[in-house]
Each structure stands twice: as C-alpha cells, then as structure tokens.
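Asker: You'll find upload-v4.cif just under this line, and it carries mmCIF, C-alpha atoms.
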data_upload
loop_
_atom_site.label_atom_id
_atom_site.label_comp_id
_atom_site.auth_asym_id
_atom_site.auth_seq_id
_atom_site.Cartn_x
_atom_site.Cartn_y
_atom_site.Cartn_z
CA MET A 1 4.28 5.76 16.85
CA GLU A 2 4.71 2.00 16.69
CA HIS A 3 7.48 0.64 14.44
CA ARG A 4 7.69 -2.81 12.87
CA GLN A 5 10.31 -4.79 11.02
CA PHE A 6 10.10 -4.30 7.25
CA GLY A 7 9.73 -7.88 6.10
CA ARG A 8 12.86 -9.99 6.37
CA SER A 9 15.18 -6.99 6.47
CA GLY A 10 16.98 -5.00 9.13
CA LEU A 11 14.87 -1.91 8.46
CA THR A 12 12.13 -0.83 10.85
CA VAL A 13 9.34 1.47 9.70
CA PRO A 14 6.41 3.29 11.31
CA VAL A 15 3.16 1.36 10.96
CA LEU A 16 1.70 4.26 8.97
CA SER A 17 3.08 5.97 5.87
CA LEU A 18 1.72 8.85 3.82
CA GLY A 19 0.65 8.04 0.29
CA THR A 20 1.06 10.85 -2.22
CA GLY A 21 -1.45 9.85 -4.88
CA THR A 22 -3.27 13.10 -4.03
CA PHE A 23 -0.20 15.20 -4.85
CA GLY A 24 -0.55 17.00 -8.17
CA GLY A 25 -3.87 15.98 -9.66
CA THR A 26 -2.56 17.12 -13.02
CA ASP A 27 -4.22 14.44 -15.13
CA ALA A 28 -7.86 13.38 -15.36
CA PHE A 29 -7.51 10.13 -13.37
CA PHE A 30 -5.55 11.49 -10.40
CA LYS A 31 -7.48 14.76 -10.27
CA THR A 32 -10.34 12.79 -8.69
CA TRP A 33 -7.95 11.70 -5.91
CA GLY A 34 -6.78 15.21 -5.03
CA SER A 35 -4.71 18.19 -6.19
CA THR A 36 -2.29 18.86 -3.35
CA ASP A 37 0.33 21.48 -4.22
CA VAL A 38 3.83 21.96 -2.76
CA ALA A 39 2.74 24.18 0.14
CA GLN A 40 -0.06 21.81 1.13
CA ALA A 41 2.22 18.78 0.75
CA SER A 42 4.84 20.41 2.97
CA ARG A 43 2.21 21.01 5.65
CA LEU A 44 0.99 17.40 5.53
CA ILE A 45 4.58 16.18 5.89
CA ASP A 46 5.05 18.51 8.87
CA ILE A 47 2.06 16.88 10.58
CA CYS A 48 3.35 13.41 9.77
CA LEU A 49 6.76 14.12 11.26
CA GLU A 50 5.16 15.58 14.40
CA SER A 51 3.32 12.25 14.78
CA GLY A 52 6.38 10.07 14.11
CA VAL A 53 5.45 9.15 10.53
CA ASN A 54 8.58 9.59 8.42
CA PHE A 55 7.70 7.21 5.56
CA LEU A 56 6.34 8.67 2.28
CA ASP A 57 5.12 6.61 -0.67
CA THR A 58 4.75 7.69 -4.29
CA ALA A 59 5.04 6.31 -7.84
CA ASP A 60 6.34 7.50 -11.19
CA ILE A 61 2.86 7.35 -12.77
CA TYR A 62 1.07 9.42 -10.13
CA SER A 63 -0.03 12.52 -12.04
CA SER A 64 2.51 11.59 -14.74
CA GLY A 65 5.45 12.18 -12.42
CA ASP A 66 4.15 15.39 -10.84
CA SER A 67 3.53 13.64 -7.51
CA GLU A 68 7.26 12.86 -7.30
CA LYS A 69 8.14 16.45 -8.26
CA ILE A 70 5.88 17.94 -5.59
CA LEU A 71 7.16 15.49 -3.01
CA GLY A 72 10.74 16.37 -3.96
CA GLU A 73 10.07 20.07 -3.42
CA ALA A 74 8.24 19.45 -0.13
CA ILE A 75 11.08 17.42 1.42
CA LYS A 76 13.92 19.81 0.65
CA GLY A 77 16.12 20.32 3.68
CA ARG A 78 14.83 17.25 5.53
CA ARG A 79 15.50 14.31 3.24
CA ASP A 80 17.75 12.72 5.87
CA ARG A 81 14.77 12.42 8.26
CA LEU A 82 12.61 10.52 5.78
CA LEU A 83 12.08 7.15 4.12
CA ILE A 84 10.90 7.43 0.51
CA SER A 85 9.40 4.69 -1.63
CA THR A 86 8.42 4.92 -5.27
CA LYS A 87 7.51 2.55 -8.08
CA ALA A 88 8.10 1.71 -11.72
CA THR A 89 6.82 -0.74 -14.38
CA PHE A 90 3.66 0.88 -15.76
CA ARG A 91 3.83 2.97 -18.92
CA SER A 92 5.62 6.27 -18.37
CA GLY A 93 5.88 7.61 -21.92
CA ASP A 94 5.17 7.07 -25.62
CA ASP A 95 8.41 5.25 -26.37
CA PRO A 96 7.77 1.52 -26.99
CA ASN A 97 10.27 0.70 -24.22
CA ALA A 98 8.81 3.13 -21.68
CA VAL A 99 6.93 0.33 -19.96
CA GLY A 100 7.62 -2.92 -18.13
CA SER A 101 10.41 -4.20 -15.92
CA SER A 102 13.20 -4.55 -18.46
CA ARG A 103 16.70 -3.39 -17.58
CA HIS A 104 16.30 -0.65 -20.18
CA HIS A 105 13.14 0.75 -18.61
CA LEU A 106 14.07 0.29 -14.94
CA ILE A 107 17.45 2.05 -15.17
CA ARG A 108 15.86 5.02 -16.92
CA SER A 109 12.83 5.05 -14.63
CA CYS A 110 14.97 5.01 -11.50
CA GLU A 111 17.15 7.87 -12.75
CA ALA A 112 14.07 9.90 -13.69
CA SER A 113 12.49 9.33 -10.26
CA LEU A 114 15.70 10.33 -8.49
CA LYS A 115 15.77 13.57 -10.49
CA ARG A 116 12.11 14.40 -9.81
CA LEU A 117 12.50 13.61 -6.11
CA GLY A 118 15.69 15.65 -5.86
CA THR A 119 17.54 12.88 -4.03
CA ASP A 120 20.46 10.53 -4.61
CA HIS A 121 18.74 7.40 -3.31
CA ILE A 122 15.34 5.73 -3.01
CA ASP A 123 14.81 3.81 0.20
CA VAL A 124 12.30 1.30 -1.24
CA TYR A 125 11.76 0.70 -4.96
CA PHE A 126 8.67 -1.25 -5.98
CA MET A 127 7.82 -3.08 -9.16
CA HIS A 128 4.31 -1.70 -9.59
CA GLY A 129 3.09 -4.78 -11.44
CA PHE A 130 4.40 -8.06 -12.85
CA ASP A 131 5.96 -7.96 -16.33
CA ALA A 132 5.49 -11.40 -17.87
CA LEU A 133 7.37 -10.43 -21.06
CA THR A 134 10.66 -9.69 -19.29
CA PRO A 135 12.64 -12.57 -17.76
CA VAL A 136 12.47 -12.41 -13.97
CA GLU A 137 16.26 -12.71 -13.80
CA GLU A 138 16.69 -9.61 -16.01
CA THR A 139 14.46 -7.54 -13.73
CA LEU A 140 16.17 -8.72 -10.55
CA ARG A 141 19.68 -8.23 -11.94
CA ALA A 142 18.83 -4.65 -12.86
CA LEU A 143 17.42 -4.06 -9.36
CA ASP A 144 20.45 -5.76 -7.82
CA ASP A 145 22.76 -3.43 -9.76
CA LEU A 146 20.77 -0.38 -8.62
CA THR A 147 20.94 -1.64 -5.05
CA ARG A 148 24.68 -2.28 -5.18
CA SER A 149 25.20 1.22 -6.61
CA GLY A 150 23.42 2.73 -3.58
CA LYS A 151 20.59 4.23 -5.62
CA ILE A 152 18.09 1.83 -4.03
CA GLY A 153 17.99 0.58 -0.45
CA TYR A 154 15.40 -2.22 -0.63
CA ILE A 155 13.13 -3.64 -3.31
CA GLY A 156 9.49 -4.61 -3.16
CA ALA A 157 6.76 -6.07 -5.37
CA SER A 158 3.24 -4.75 -5.82
CA ASN A 159 0.14 -6.37 -7.31
CA PHE A 160 1.88 -9.67 -8.10
CA SER A 161 0.00 -12.93 -7.81
CA GLY A 162 1.37 -15.52 -5.41
CA TRP A 163 3.21 -17.63 -8.00
CA GLN A 164 4.80 -14.54 -9.55
CA LEU A 165 6.18 -13.37 -6.22
CA MET A 166 7.40 -16.85 -5.31
CA LYS A 167 9.14 -17.23 -8.69
CA ALA A 168 10.94 -13.95 -8.09
CA LEU A 169 12.00 -14.96 -4.56
CA ALA A 170 13.30 -18.29 -5.83
CA THR A 171 15.25 -16.55 -8.60
CA SER A 172 16.85 -14.17 -6.11
CA GLU A 173 17.88 -17.09 -3.92
CA ARG A 174 19.27 -19.09 -6.83
CA TYR A 175 21.46 -16.31 -8.20
CA GLY A 176 22.21 -14.35 -5.01
CA LEU A 177 20.33 -11.26 -6.19
CA ALA A 178 18.50 -8.55 -4.25
CA ARG A 179 15.30 -9.97 -2.77
CA TYR A 180 11.83 -8.51 -2.46
CA VAL A 181 11.45 -7.82 1.26
CA VAL A 182 7.97 -6.32 1.12
CA TYR A 183 4.77 -6.62 -0.87
CA GLN A 184 2.54 -3.60 -1.43
CA GLY A 185 -1.02 -4.79 -1.95
CA TYR A 186 -4.68 -4.03 -1.57
CA TYR A 187 -6.17 -5.23 1.72
CA SER A 188 -9.16 -3.92 3.66
CA LEU A 189 -12.20 -5.05 5.60
CA ILE A 190 -14.07 -5.22 2.28
CA GLY A 191 -11.17 -6.73 0.35
CA ARG A 192 -9.64 -9.73 2.13
CA HIS A 193 -8.49 -11.80 -0.85
CA TYR A 194 -4.87 -11.10 0.14
CA GLU A 195 -5.38 -13.61 2.96
CA TRP A 196 -5.97 -16.59 0.65
CA GLU A 197 -2.58 -16.91 -1.06
CA LEU A 198 -0.30 -13.94 -0.46
CA MET A 199 -0.55 -13.84 3.33
CA PRO A 200 0.54 -17.48 3.80
CA LEU A 201 3.36 -16.85 1.31
CA GLY A 202 4.43 -13.75 3.22
CA LEU A 203 4.52 -15.63 6.50
CA ASP A 204 6.47 -18.51 4.97
CA GLN A 205 8.98 -16.34 3.10
CA GLY A 206 9.28 -13.39 5.48
CA VAL A 207 7.74 -10.85 3.10
CA GLY A 208 6.00 -8.00 4.91
CA LEU A 209 2.84 -6.30 3.69
CA MET A 210 2.53 -2.58 3.00
CA VAL A 211 -1.21 -2.01 2.55
CA TRP A 212 -2.59 0.31 -0.11
CA SER A 213 -6.20 1.59 -0.15
CA PRO A 214 -6.84 0.36 3.41
CA LEU A 215 -10.25 2.08 3.43
CA GLY A 216 -11.53 0.17 0.41
CA TRP A 217 -11.25 2.96 -2.15
CA GLY A 218 -12.88 5.42 0.23
CA ARG A 219 -15.85 3.20 1.07
CA LEU A 220 -14.87 2.80 4.74
CA THR A 221 -14.56 6.46 5.68
CA GLY A 222 -17.99 6.59 7.35
CA LYS A 223 -19.54 8.57 4.50
CA ILE A 224 -21.39 5.54 3.11
CA ARG A 225 -24.15 3.90 5.15
CA ARG A 226 -27.44 2.19 4.46
CA GLY A 227 -29.71 4.57 2.57
CA GLN A 228 -26.97 7.20 2.54
CA PRO A 229 -24.93 7.19 -0.69
CA ALA A 230 -21.66 9.11 -0.70
CA SER A 231 -22.31 12.80 -1.30
CA SER A 232 -18.70 13.96 -1.10
CA GLY A 233 -15.15 12.70 -1.21
CA ARG A 234 -13.22 10.47 -3.57
CA ILE A 235 -16.04 8.12 -4.63
CA ALA A 236 -18.55 10.91 -5.28
CA SER A 237 -15.96 12.71 -7.43
CA GLY A 238 -15.30 9.62 -9.54
CA GLY A 239 -12.23 8.41 -7.65
CA ALA A 240 -13.46 4.83 -7.32
CA GLU A 241 -12.61 4.12 -10.96
CA GLY A 242 -10.49 1.01 -11.17
CA GLY A 243 -11.49 -0.15 -7.71
CA PRO A 244 -13.00 -3.55 -6.94
CA THR A 245 -16.72 -4.11 -7.20
CA VAL A 246 -18.40 -4.58 -3.82
CA SER A 247 -22.03 -5.58 -3.32
CA GLU A 248 -24.09 -3.06 -1.39
CA GLU A 249 -25.30 -5.56 1.21
CA TYR A 250 -21.78 -6.81 1.90
CA LEU A 251 -20.52 -3.24 2.23
CA TYR A 252 -23.36 -2.24 4.52
CA SER A 253 -22.87 -5.27 6.77
CA VAL A 254 -19.21 -4.35 7.24
CA VAL A 255 -20.04 -0.68 7.86
CA ASP A 256 -22.71 -1.70 10.40
CA ALA A 257 -20.07 -3.67 12.32
CA LEU A 258 -17.62 -0.78 12.05
CA ASP A 259 -20.24 1.66 13.34
CA ALA A 260 -20.91 -0.52 16.38
CA VAL A 261 -17.22 -0.83 17.26
CA ALA A 262 -16.65 2.88 16.61
CA GLU A 263 -19.38 3.73 19.10
CA GLU A 264 -17.87 1.39 21.70
CA THR A 265 -14.36 2.77 21.31
CA GLY A 266 -15.15 6.41 20.73
CA LYS A 267 -13.20 6.25 17.48
CA THR A 268 -14.24 6.96 13.88
CA VAL A 269 -15.20 4.31 11.33
CA SER A 270 -11.98 4.85 9.38
CA GLN A 271 -9.83 4.65 12.52
CA VAL A 272 -11.42 1.30 13.44
CA ALA A 273 -10.92 -0.02 9.90
CA LEU A 274 -7.23 0.92 9.99
CA ALA A 275 -6.76 -0.47 13.51
CA TRP A 276 -8.20 -3.81 12.36
CA LEU A 277 -5.55 -4.03 9.65
CA LEU A 278 -2.81 -3.49 12.22
CA THR A 279 -3.90 -6.72 13.95
CA ARG A 280 -3.41 -8.84 10.81
CA PRO A 281 -0.45 -11.16 10.16
CA THR A 282 2.37 -9.84 7.90
CA VAL A 283 1.15 -6.21 7.99
CA CYS A 284 4.11 -3.93 8.68
CA ASN A 285 2.82 -0.67 7.24
CA ILE A 286 -0.40 0.96 6.06
CA VAL A 287 -0.33 3.66 3.40
CA ILE A 288 -2.80 6.37 4.37
CA GLY A 289 -3.90 9.11 2.00
CA ALA A 290 -5.28 12.53 2.77
CA ARG A 291 -6.64 15.44 0.76
CA ASN A 292 -6.29 17.80 3.72
CA GLU A 293 -5.07 18.17 7.32
CA GLU A 294 -8.35 17.01 8.82
CA GLN A 295 -8.30 13.69 6.96
CA LEU A 296 -4.65 13.15 7.81
CA ARG A 297 -5.11 13.78 11.53
CA GLN A 298 -8.11 11.47 11.60
CA ASN A 299 -6.16 8.64 9.96
CA LEU A 300 -3.21 9.19 12.30
CA GLY A 301 -5.67 8.52 15.14
CA ALA A 302 -5.76 4.84 14.17
CA VAL A 303 -2.69 4.14 16.34
CA GLY A 304 -2.07 4.34 20.07
CA TRP A 305 -5.02 2.15 21.09
CA SER A 306 -6.19 -1.43 20.50
CA LEU A 307 -9.30 -3.34 19.52
CA THR A 308 -10.45 -6.10 21.87
CA PRO A 309 -10.43 -9.74 20.69
CA ASP A 310 -14.24 -9.66 20.65
CA GLN A 311 -14.33 -6.55 18.47
CA ILE A 312 -11.80 -8.09 16.06
CA ALA A 313 -13.87 -11.28 15.86
CA ARG A 314 -17.03 -9.34 15.05
CA LEU A 315 -15.30 -7.39 12.30
CA ASP A 316 -13.86 -10.65 10.96
CA ALA A 317 -17.30 -12.23 10.86
CA ALA A 318 -18.97 -9.27 9.14
CA SER A 319 -16.31 -9.11 6.42
CA ARG A 320 -15.87 -12.84 5.77
CA GLU A 321 -16.24 -14.07 2.19
CA ASN A 322 -16.34 -17.56 0.71
CA PRO A 323 -12.98 -18.17 -0.96
CA VAL A 324 -12.58 -19.48 -4.50
CA TYR A 325 -11.06 -22.89 -5.29
CA PRO A 326 -8.66 -24.30 -4.16
CA TYR A 327 -8.87 -22.20 -0.99
CA TRP A 328 -12.34 -23.32 0.08
CA HIS A 329 -11.17 -26.93 -0.28
CA GLN A 330 -8.08 -26.25 1.82
CA MET A 331 -10.29 -25.04 4.67
CA GLY A 332 -11.15 -28.68 5.34
CA PHE A 333 -7.52 -29.62 5.94
CA ASP A 334 -6.53 -27.17 8.65
CA GLU A 335 -5.06 -30.05 10.63
CA ARG A 336 -2.03 -30.05 8.33
CA ASN A 337 -2.56 -26.87 6.32
CA PRO A 338 -3.50 -24.20 8.90
CA LYS A 339 -4.56 -20.72 7.80
CA PRO A 340 -3.15 -17.53 9.33
CA THR A 341 -6.63 -16.01 9.59
CA ALA A 342 -10.22 -17.26 9.61
CA TRP A 343 -11.59 -16.77 6.11
#
Mind converting the file's structure to structure tokens?
Answerer:
Amino acid sequence: MEHRQFGRSGLTVPVLSLGTGTFGGTDAFFKTWGSTDVAQASRLIDICLESGVNFLDTADIYSSGDSEKILGEAIKGRRDRLLISTKATFRSGDDPNAVGSSRHHLIRSCEASLKRLGTDHIDVYFMHGFDALTPVEETLRALDDLTRSGKIGYIGASNFSGWQLMKALATSERYGLARYVVYQGYYSLIGRHYEWELMPLGLDQGVGLMVWSPLGWGRLTGKIRRGQPASSGRIASGGAEGGPTVSEEYLYSVVDALDAVAEETGKTVSQVALAWLLTRPTVCNIVIGARNEEQLRQNLGAVGWSLTPDQIARLDAASRENPVYPYWHQMGFDERNPKPTAW
C-alpha cells in the first residue's frame, strides 16, 4: 500500500481509507447508503488491515451517531493500529446550539464522538462545513485547545470554498493556532470543480486533499452505461440524493473513456476511476466506501498499478468541462498564472 504525506504535516497515510457512511443505516437518508452492522464492519476492517489500509473515516451525523458507535465497537482491541477521522459542525440535536463551529458545540461534539468511538483521541478532526456565523478565530481556538489537550491530532476542513479555507489558514498563522493540514472534498472524473480554486490553493498552502465520493455518487461503478440505467446499488436505491446533477451525455462520455481504459488494463471501471484520482496534484488519500466485501476488495484493487500518460490524457479530455468566470479568463494567462491541471 502506497503512503503519502498528509498535507503539510509529519503524518503519512495510506492512499486509501475506508469511509463508514454505510455503517448503521438507522435513519432514512443513510439507509440508502447501507446498513452495515458491527460484525460486518469488523470484517471490512479486517480486510482493510490485511491490505495495509489503517485509516477509517466517519462523522457525527452519519446515521445520527450510530456510524461512530458501530466503528467504536468494531475497532476494540486494535485502536493502536488505526487512524480515525471524524467530523462536526452540522446539526446533531434539537438544542439551538447543537449546530455550527462554535466553541460550545465543538467541545461537546468532540467529547460525544470520543465516547461513541470508545477512544481517548481522534487522529483527524474535520469541520464538516463552514460556519459563517461563528468567528473563525473562535473555531480555531477551540480546535487548538482540543489539539493541545491531546484529544485531537490534526484538524481538517471539508466543503469550504477557497476564500473560507484561506481565511482560516491566515487566521491560524496570525495567532499561532492549529492549522488545517488537509481538505476533505468532492472530486471525481465527473466532478472536477475542485481543480479551479481549491487545488491551486492546496498546492500553494500545502493543504492535502482527502477525496470523498470518488466514484461520483456511485455513477462510476460500471453499473451505468448508455441505454443501461442503474438497476441496483446506491443510486437505484435513492442514495444519489444530495449529489451533483450530471448531464447524461457528459456522464456517458466519461464512462465510455473509462470502459476503453478498463479493457486495456484489465481493471474495472471503478478501479480506473480511482487510479486516475491518484495521479492528481494534492491528492493524499481517497475515501472508499463499501456495502460488502466484494465492493471493498474491488476498490482496494485501484492501487499497485499505474495508468499510462496517454490513458490519463484521454480520461482528462473526456471529463473536461468549461470553467466558470474568472477561471475561464485565467486560462488565457498561463504564462504567469499556470494551472496545476488542464481544465
């Protein structure tokens, strides 16, 4: 298993991590993702460890905290072999203050996650979204205190826009507070908007990318092709709710290119899609999900081999989109404002 540096930190992580959004399935939204119980979760973690994947990702809102509880049960006796990340910010209760990134909410959310996970520390703690009503300094001071206490190892941001992340980084530098070392964001062959603003920021500021939904909300698993709508899996069960809209022709053009490369390499469509992400600047980890052992083993097969430059170029071309302003205008000034990837 390949390991990469985790942003501008001394931590190295495997390039794949296991996402636990499928653990629990105890509310209507997450039930469409999966309903993995403790025994099944333990087996998936066994397979991950056999393959060198020791990084597990969850969040306090996954199945209303049940994902963390199941993960906590499944890791008993082997916590010291694992890296655990979880998240806070989104609403976690009926109390008016049970939402956001205030000191009040974060301290309580962290303690609740620690209890559900059955551990005394969280290796990576993410702000799940940007809270514009709480001063950035308040959020970062609370995270800095949690870091200094040993309850958190590193902090990360998720789903921030570029200016929000940069404001937070500047605040950390100004006051000597804990700094976001990683960004967890959506990025896939059918969702490349990360490249326009956040990727250049990550390169400039040393912020690594931990990719979520690398298969485009289940659209790049090989189950969707021209004239063949999904008949099973997450999308067919309603699990694409909240995902980005993708035009059919754009999706099919990307899947056509993936099919061609898959045939050349002897790999699956999903393995090729994941391997493409591992060639992209700033990417240090990809969060893979799995409802069962078969899906997990298939996703683990995305490592240990490489795409050729020609195959990468063809996938780039098939998935290219016209950027919005000011990014399309900046494309004409590459002489002084080069882009990390070809949009």
Asker: Residue by residue, what does the PyMOL selection byres ((chain A and resi 192) around 10) grab here? Present the result as a PDB file with C-alpha atoms, keeping the file's coordinate frame.
Answerer:
ATOM      1  CA  TYR A 186      -4.680  -4.030  -1.570  1.00  0.00           C
ATOM      2  CA  TYR A 187      -6.170  -5.230   1.720  1.00  0.00           C
ATOM      3  CA  SER A 188      -9.160  -3.920   3.660  1.00  0.00           C
ATOM      4  CA  LEU A 189     -12.200  -5.050   5.600  1.00  0.00           C
ATOM      5  CA  ILE A 190     -14.070  -5.220   2.280  1.00  0.00           C
ATOM      6  CA  GLY A 191     -11.170  -6.730   0.350  1.00  0.00           C
ATOM      7  CA  HIS A 193      -8.490 -11.800  -0.850  1.00  0.00           C
ATOM      8  CA  TYR A 194      -4.870 -11.100   0.140  1.00  0.00           C
ATOM      9  CA  GLU A 195      -5.380 -13.610   2.960  1.00  0.00           C
ATOM     10  CA  TRP A 196      -5.970 -16.590   0.650  1.00  0.00           C
ATOM     11  CA  ASP A 316     -13.860 -10.650  10.960  1.00  0.00           C
ATOM     12  CA  SER A 319     -16.310  -9.110   6.420  1.00  0.00           C
ATOM     13  CA  ARG A 320     -15.870 -12.840   5.770  1.00  0.00           C
ATOM     14  CA  GLU A 321     -16.240 -14.070   2.190  1.00  0.00           C
ATOM     15  CA  PRO A 323     -12.980 -18.170  -0.960  1.00  0.00           C
ATOM     16  CA  TRP A 343     -11.590 -16.770   6.110  1.00  0.00           C
TER      17      TRP A 343
END
Asker: Leaving out stretch 54-69 of chain A and any residue of its chain fewer than 3 positions from it, which residues lie within 8 Å of it when counting all atoms listed in the file, given as a compact mmCIF listing (two decimals) with C-alpha atoms, in the coordinates of the input?
Answerer:
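As a result, around-v2.txt now contains:
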# COMPACT_ATOMS: atom_id res chain seq x y z
CA VAL A 13 9.34 1.47 9.70
CA PRO A 14 6.41 3.29 11.31
CA LEU A 16 1.70 4.26 8.97
CA SER A 17 3.08 5.97 5.87
CA LEU A 18 1.72 8.85 3.82
CA GLY A 19 0.65 8.04 0.29
CA THR A 20 1.06 10.85 -2.22
CA GLY A 21 -1.45 9.85 -4.88
CA THR A 22 -3.27 13.10 -4.03
CA PHE A 23 -0.20 15.20 -4.85
CA GLY A 24 -0.55 17.00 -8.17
CA GLY A 25 -3.87 15.98 -9.66
CA THR A 26 -2.56 17.12 -13.02
CA ASP A 27 -4.22 14.44 -15.13
CA PHE A 29 -7.51 10.13 -13.37
CA PHE A 30 -5.55 11.49 -10.40
CA LYS A 31 -7.48 14.76 -10.27
CA CYS A 48 3.35 13.41 9.77
CA LEU A 49 6.76 14.12 11.26
CA GLY A 72 10.74 16.37 -3.96
CA GLU A 73 10.07 20.07 -3.42
CA ARG A 81 14.77 12.42 8.26
CA LEU A 82 12.61 10.52 5.78
CA LEU A 83 12.08 7.15 4.12
CA ILE A 84 10.90 7.43 0.51
CA SER A 85 9.40 4.69 -1.63
CA THR A 86 8.42 4.92 -5.27
CA LYS A 87 7.51 2.55 -8.08
CA ALA A 88 8.10 1.71 -11.72
CA PHE A 90 3.66 0.88 -15.76
CA ARG A 91 3.83 2.97 -18.92
CA SER A 92 5.62 6.27 -18.37
CA SER A 109 12.83 5.05 -14.63
CA SER A 113 12.49 9.33 -10.26
CA ARG A 116 12.11 14.40 -9.81
CA LEU A 117 12.50 13.61 -6.11
CA GLY A 118 15.69 15.65 -5.86
CA VAL A 287 -0.33 3.66 3.40
Asker: Evaluate the PyMOL selection byres ((chain A and resi 305) around 12) and record the selected residues as a PyMOL selection string, following the chain and residue labels used in the document.
Answerer: chain A and resi 1-2+265-267+271-272+274-276+278-279+300-304+306-308
Asker: Nearest to A:Val181 among A:Leu203, A:Ala132, A:Ile107, A:Ala74, with distances taken over all atoms listed in the file: which residue is it?
Answerer: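 Looking at the shortest contact to A:Val181, the residue is A:Leu203.
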Asker: Evaluated on this file, the PyMOL selection byres ((chain A and resi 165) around 10) picks out some residues - which ones are they, written as number ranges by chain?
Answerer: A: 130, 156-164, 166-171, 180, 183, 198, 201-202, 207
Asker: Next, the residues of the selection above should be written as a CSV table (one decimal), in the coordinates of the input with C-alpha atoms.
Answerer:
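selection_18.csv, written as the output of this step:
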chain,number,residue,atom,x,y,z
A,130,PHE,CA,4.4,-8.1,-12.8
A,156,GLY,CA,9.5,-4.6,-3.2
A,157,ALA,CA,6.8,-6.1,-5.4
A,158,SER,CA,3.2,-4.8,-5.8
A,159,ASN,CA,0.1,-6.4,-7.3
A,160,PHE,CA,1.9,-9.7,-8.1
A,161,SER,CA,0.0,-12.9,-7.8
A,162,GLY,CA,1.4,-15.5,-5.4
A,163,TRP,CA,3.2,-17.6,-8.0
A,164,GLN,CA,4.8,-14.5,-9.6
A,166,MET,CA,7.4,-16.8,-5.3
A,167,LYS,CA,9.1,-17.2,-8.7
A,168,ALA,CA,10.9,-14.0,-8.1
A,169,LEU,CA,12.0,-15.0,-4.6
A,170,ALA,CA,13.3,-18.3,-5.8
A,171,THR,CA,15.2,-16.6,-8.6
A,180,TYR,CA,11.8,-8.5,-2.5
A,183,TYR,CA,4.8,-6.6,-0.9
A,198,LEU,CA,-0.3,-13.9,-0.5
A,201,LEU,CA,3.4,-16.8,1.3
A,202,GLY,CA,4.4,-13.8,3.2
A,207,VAL,CA,7.7,-10.8,3.1
Asker: For A:Leu315, which residue out of A:Leu143, A:Ile155, A:Ala98, A:Ala257 is the nearest one, using all atoms listed in the file?
Answerer: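 The closest residue to A:Leu315 is A:Ala257.
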Asker: Counting only C-alpha atoms, which residue out of A:His105, A:Ser253, A:Val38, A:Arg8 sits closest to A:Asp204?
Answerer: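 Checking each of A:His105, A:Ser253, A:Val38, A:Arg8 against A:Asp204, counting only C-alpha atoms, the winner is A:Arg8.
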Asker: Closest to A:Thr119 among A:His3, A:Arg103, A:Arg148, A:Arg79, using only C-alpha atoms?
Answerer: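 Using only C-alpha atoms, A:Thr119 sits closest to A:Arg79.
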Asker: Work out how far atom CA of A:Glu294 is from atom CA of A:Ala39, in Å to one decimal.
Answerer: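 We find that atom CA of A:Ala39 and atom CA of A:Glu294 lie 15.8 Å from each other.
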Asker: As an exercise, work out the distance from atom CA of A:Glu138 to atom CA of A:Glu197 in Å and give it to one decimal place.
Answerer: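 Computing it gives 25.5 Å between the two atoms.
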Asker: I need the residue nearest A:Arg174 from this list: A:Leu140, A:Val15, A:Pro200, A:Glu249. Use all atoms listed in the file for the distance.
Answerer: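 Using all atoms listed in the file, A:Arg174 sits closest to A:Leu140.
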Asker: So, counting only C-alpha atoms, which residue among A:Gly206, A:Gly34, A:Gly150, A:Gly100 is closest to A:Leu114?
Answerer: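 Counting only C-alpha atoms, the residue closest to A:Leu114 is A:Gly150.
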Asker: Kindly provide, as a list in words, the polymer residues lying within 6 Å of (-23.4, 1.1, 4.1), counting all atoms listed in the file and using the coordinates exactly as they appear in the file.
Answerer: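 Protein, DNA and RNA residues close to (-23.4, 1.1, 4.1): Ile224, Arg225, Arg226, Leu251, Tyr252 and Val255 of chain A.
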Asker: Which distance in Å separates atom CA of A:Leu44 and atom CA of A:Leu296, to one decimal?
Answerer: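 Atom-to-atom, atom CA of A:Leu44 and atom CA of A:Leu296 are spaced 7.4 Å apart.
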Asker: Show which residues sit within 7 Å of A:Leu215, as a ChimeraX atom specification. Count all atoms listed in the file, and ignore same-chain residues fewer than 6 positions away.
Answerer: /A:188,221,270,273
Asker: So that all listed atoms of stretch 186-189 of chain A fit with 8 Å spare on each side, what axis-aligned box centre and edge lengths in Å, to one decimal, would you give as AutoDock Vina command-line options?
Answerer:
--center_x -8.4 --center_y -4.6 --center_z 2.0 --size_x 23.5 --size_y 17.3 --size_z 23.2
Asker: Show me the residues close to (4.7, -8.6, 6.0) - anything with an atom within 6 Å, counting all atoms listed in the file - and format the list as a list in words.
Answerer: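 Residues lying no farther than 6 Å from the given point: Gly7, Gly202, Val207, Gly208, Leu209, Thr282, Val283 and Cys284 of chain A.
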Asker: For C-alpha atoms, I'd like the residues from the last selection saved as a PDB file, keeping the file's coordinate frame.
Answerer:
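Resulting contents of part15.pdb:
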ATOM      1  CA  GLY A   7       9.730  -7.880   6.100  1.00  0.00           C
ATOM      2  CA  GLY A 202       4.430 -13.750   3.220  1.00  0.00           C
ATOM      3  CA  VAL A 207       7.740 -10.850   3.100  1.00  0.00           C
ATOM      4  CA  GLY A 208       6.000  -8.000   4.910  1.00  0.00           C
ATOM      5  CA  LEU A 209       2.840  -6.300   3.690  1.00  0.00           C
ATOM      6  CA  THR A 282       2.370  -9.840   7.900  1.00  0.00           C
ATOM      7  CA  VAL A 283       1.150  -6.210   7.990  1.00  0.00           C
ATOM      8  CA  CYS A 284       4.110  -3.930   8.680  1.00  0.00           C
TER       9      CYS A 284
END
